[in-house]
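Below is one structure, written out as structure tokens, with a few remarks after it.
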Amino acid sequence: MRPLRICYVSSEITPFAKTGGLGDVSGALPAYLHRAGHDVRVFVPLHSLIDVEAHEFAPLPDLQDIPISAGGSRYPISVFTAPLPGSDLAVHFVHCPALYDRPEIYTNDPDEALRFAVLSRAVIEVCQRLRWAPDVFHCNDWQAALLPFYLKTIYAWDELFAHSGTMLTIHNLGFQGVFSSLILEQLGLGSCEHLLDADDIQGGRVNFLKTGIQHADCLTTVSPTYAREIQTPEQGMGLDAYLRSRRAHLRGILNGVDYRQWNPSTDPHIRHRYSEKSLGRKEKNKEDLLLSVDLPYRKRVPVVGMISRLTPQKGIDILREPLPEFLSQRDLRLVVLASGSGEYERFFALLEDSFPEKVRFWRGYNTELSHRIEAGCDLFLMPSLYEPCGLNQMYSLKYGTVPIVRKTGGLADTVTLYDWKTGIGTGFVFDHYVPDAVRWALDYALDVYGRPEPWKRLMLNGMACDFSWEVQGREYVELYSELGSRSAAVT
Ligand code: ADP
């Protein structure tokens, strides 16, 4: 197969700037594609929170001060590159202080739509200047979802892209990028209103994700189950009809794991590295973790971990009753690393106050601690209401930390229920979004934990799973080549 030209556009990338799974995927999938010999160029904003001193940033001389006009204003953008750590792939950063000099990656500022619309346009304009025609523009989430529409409208004149395909990956349908249609003029799309969703325009809105769903050549989402779920009214978040109408072009591809980052035998963040053959060392990480968060360590007392953005999606509501019950009745520890909505933060803070010897709530974001939790816990809790893919359950499996998950989205595709009789299965999976289901799963998990042999088998089952990009990435390459075959004939 000839090497493909892939232009990958994302709002975040690990380890430079990350809020969740999108960042991890944007760092790992392009790195895999690069290793596989494809010409992949990744574009992300140069957010001011990126520590430029910690990486080797260099300006690309021919790509400085490119003017992008929008609604009477000009936004000059410049391109810097820096190598992706652990790879020799150079990431392209779009520098535009007027838009990306903000304390956070995402904001509620009035120009949020413009910030990311300019990213799409910047990518197109840079490709034009490089005379580089990608086989595929791979756009991620609403932040890059206007790119296919731009190619079909204000850049339709450019023959360079006549054979380029477009792919939109939906990482989370819960974030759609909905703005007042008054901004269209400013986005350079004032004359294209008639091509946008008529109901939205009538309602005075523009929906970036919906526009991408309607105009990208191909759609993917991050697990096969989520691909089915989002086509239902229950989980389609208002876009299910649009997704159903494009079902022939929608595929669910499970996210991969970057095992160079998440591997207990090489992880630089943990003190005692271990593998299937040295599981005893995992116990030392547990001791370390508990000591570091000032909780008493005792052998054979299970530790449950959570790492999460605290939003309704993550299922905290069905923990409100079972967690205090289990903590008062059973000997266990709970270590939570999370931040987000105030009501959920208060719930965990109260839990810590009520059970100071059993619960530690670390409010905030902490990469190092997230690795130590994966290595030091026995169980990992993800009771999500919905979960497009979820990465932490896959990290947990690799670390021999048994996941307790709700059977939804990618959680359903990656964790299988442990069966006492056969010894098959990798975790504890419950169906219904109710507190009783959590009670059942926790009870079952603690039962199995109490029996060392089945428990060891369960850990090893999980550690043997392979969700690497080497496996998952092939599906993307297949799709890229289908899209790229249109251009093969002319290049
Ligand atoms: P989502 O993208 O919905 O947040 P995922 O499970 O796909 O969920 O990805 C979450 C990623 O973000 C994982 O790498 C996880 O370790 C990381 N993460 C989430 N919250 C925190 C936190 N408070 N501190 C450190 N890492 C976090």
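Residues in the structure tokens are numbered from 1 in each chain, the chains being A, B, ... in the order shown, and ligands are numbered from 1 in the order shown.
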Cut-off 9 Å, only C-alpha atoms and all ligand atoms, neighbours of ligand 1 as a VMD selection string
chain A and resid 14 18 to 25 171 to 172 255 306 to 310 313 to 314 336 to 340 362 to 371 374 382 387 to 395
I need the residues of region 121-369 of chain A that end up classed as strand (DSSP E) by DSSP on the backbone, written out as number ranges by chain.
A: 136-140, 165-170, 178-180, 205-207, 218-221, 250-252, 303-310, 333-340, 359-363
If we count only C-alpha atoms and set the cut-off at 8 Å, which residues sit around Phe93 (chain A), ignoring sequence neighbours fewer than 2 positions away in its own chain? Please answer as a list of chain:residue names.
A:Phe43, A:Val44, A:Pro45, A:Leu46, A:Val79, A:Phe80, A:Thr81, A:Ala82, A:Val91, A:His95
Using DSSP secondary structure from the backbone, list all alpha helix (DSSP H) positions within region 72-229 of chain A, as number ranges by chain.
A: 97-100, 112-130, 141-144, 147-152, 198-202, 208-215, 224-229
Those same residues - C-alpha atoms - I'd like them written as a PDB file, in the first residue's frame.
ATOM      1  CA  PRO A  97      -2.287  34.753  20.589  1.00  0.00           C
ATOM      2  CA  ALA A  98      -5.514  36.705  20.057  1.00  0.00           C
ATOM      3  CA  LEU A  99      -7.404  33.400  20.088  1.00  0.00           C
ATOM      4  CA  TYR A 100      -5.322  30.897  22.038  1.00  0.00           C
ATOM      5  CA  GLU A 112     -15.244  30.435  21.296  1.00  0.00           C
ATOM      6  CA  ALA A 113     -16.734  29.617  17.863  1.00  0.00           C
ATOM      7  CA  LEU A 114     -14.223  31.834  16.131  1.00  0.00           C
ATOM      8  CA  ARG A 115     -11.282  30.322  18.036  1.00  0.00           C
ATOM      9  CA  PHE A 116     -11.864  26.929  16.499  1.00  0.00           C
ATOM     10  CA  ALA A 117     -13.281  27.998  13.127  1.00  0.00           C
ATOM     11  CA  VAL A 118      -9.983  29.796  12.589  1.00  0.00           C
ATOM     12  CA  LEU A 119      -8.169  26.542  13.404  1.00  0.00           C
ATOM     13  CA  SER A 120      -9.953  24.814  10.492  1.00  0.00           C
ATOM     14  CA  ARG A 121      -9.203  27.660   8.147  1.00  0.00           C
ATOM     15  CA  ALA A 122      -5.599  27.871   9.292  1.00  0.00           C
ATOM     16  CA  VAL A 123      -5.096  24.193   8.480  1.00  0.00           C
ATOM     17  CA  ILE A 124      -6.507  24.628   4.977  1.00  0.00           C
ATOM     18  CA  GLU A 125      -4.444  27.759   4.330  1.00  0.00           C
ATOM     19  CA  VAL A 126      -1.264  26.086   5.551  1.00  0.00           C
ATOM     20  CA  CYS A 127      -1.855  23.090   3.258  1.00  0.00           C
ATOM     21  CA  GLN A 128      -2.359  25.511   0.377  1.00  0.00           C
ATOM     22  CA  ARG A 129       0.945  27.218   1.085  1.00  0.00           C
ATOM     23  CA  LEU A 130       2.718  23.883   1.396  1.00  0.00           C
ATOM     24  CA  ASP A 141     -14.998  16.764  17.449  1.00  0.00           C
ATOM     25  CA  TRP A 142     -16.914  19.998  16.980  1.00  0.00           C
ATOM     26  CA  GLN A 143     -13.775  22.084  17.215  1.00  0.00           C
ATOM     27  CA  ALA A 144     -12.610  20.825  13.798  1.00  0.00           C
ATOM     28  CA  LEU A 147     -13.357  22.014   8.050  1.00  0.00           C
ATOM     29  CA  PRO A 148     -15.273  19.763   5.595  1.00  0.00           C
ATOM     30  CA  PHE A 149     -17.841  22.537   5.145  1.00  0.00           C
ATOM     31  CA  TYR A 150     -15.144  25.135   4.508  1.00  0.00           C
ATOM     32  CA  LEU A 151     -13.603  22.855   1.849  1.00  0.00           C
ATOM     33  CA  LYS A 152     -16.967  22.593   0.101  1.00  0.00           C
ATOM     34  CA  ALA A 198     -32.532  24.962   7.776  1.00  0.00           C
ATOM     35  CA  ASP A 199     -34.108  24.399  11.209  1.00  0.00           C
ATOM     36  CA  ASP A 200     -31.004  25.656  12.946  1.00  0.00           C
ATOM     37  CA  ILE A 201     -30.789  28.749  10.786  1.00  0.00           C
ATOM     38  CA  GLN A 202     -34.457  29.460  11.374  1.00  0.00           C
ATOM     39  CA  PHE A 208     -20.654  22.825  14.369  1.00  0.00           C
ATOM     40  CA  LEU A 209     -20.868  19.082  15.019  1.00  0.00           C
ATOM     41  CA  LYS A 210     -24.103  18.693  13.055  1.00  0.00           C
ATOM     42  CA  THR A 211     -22.531  20.585  10.154  1.00  0.00           C
ATOM     43  CA  GLY A 212     -19.622  18.159  10.214  1.00  0.00           C
ATOM     44  CA  ILE A 213     -21.974  15.168  10.362  1.00  0.00           C
ATOM     45  CA  GLN A 214     -23.762  16.460   7.291  1.00  0.00           C
ATOM     46  CA  HIS A 215     -20.713  17.379   5.253  1.00  0.00           C
ATOM     47  CA  PRO A 224     -18.753   0.107  17.884  1.00  0.00           C
ATOM     48  CA  THR A 225     -21.369   0.163  20.666  1.00  0.00           C
ATOM     49  CA  TYR A 226     -21.362   3.961  20.856  1.00  0.00           C
ATOM     50  CA  ALA A 227     -21.791   4.065  17.053  1.00  0.00           C
ATOM     51  CA  ARG A 228     -25.048   2.149  17.510  1.00  0.00           C
ATOM     52  CA  GLU A 229     -26.161   4.051  20.615  1.00  0.00           C
TER      53      GLU A 229
END
Set the distance at 9 Å and use only C-alpha atoms: which residues neighbour Asp88 (chain A) once local chain neighbours fewer than 4 positions away are removed? I'd like the list as number ranges by chain.
A: 31, 34, 83-84
Write the residues you've just listed into a file as a PDB file, in the first residue's frame, and include N, CA and C atoms for each of them.
ATOM      1  N   ALA A  31       0.961   9.125  16.079  1.00  0.00           N
ATOM      2  CA  ALA A  31       2.283   8.521  16.301  1.00  0.00           C
ATOM      3  C   ALA A  31       2.314   7.126  15.685  1.00  0.00           C
ATOM      4  N   HIS A  34       2.487   7.464  11.884  1.00  0.00           N
ATOM      5  CA  HIS A  34       3.840   7.872  11.495  1.00  0.00           C
ATOM      6  C   HIS A  34       4.778   6.653  11.516  1.00  0.00           C
ATOM      7  N   PRO A  83       8.622  18.285  18.309  1.00  0.00           N
ATOM      8  CA  PRO A  83       8.479  16.827  18.198  1.00  0.00           C
ATOM      9  C   PRO A  83       7.561  16.271  19.279  1.00  0.00           C
ATOM     10  N   LEU A  84       6.761  15.309  18.871  1.00  0.00           N
ATOM     11  CA  LEU A  84       5.910  14.622  19.840  1.00  0.00           C
ATOM     12  C   LEU A  84       6.811  13.734  20.700  1.00  0.00           C
TER      13      LEU A  84
END
Between CA of Val293 (chain A) and CA of Leu381 (chain A), what is the distance, to one decimal in Å?
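Result for CA of Val293 (chain A) versus CA of Leu381 (chain A): 18.4 Å, one decimal.
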What gap, in Å, lies between CA of Ala441 (chain A) and CA of Leu323 (chain A)?
11.9 Å
Smallest atom-to-atom distance to Thr414 (chain A): which of A:Pro324, A:Pro383, A:Gly473, A:Gly256, using only C-alpha atoms?
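Smallest separation from Thr414 (chain A) among the options: A:Gly256.
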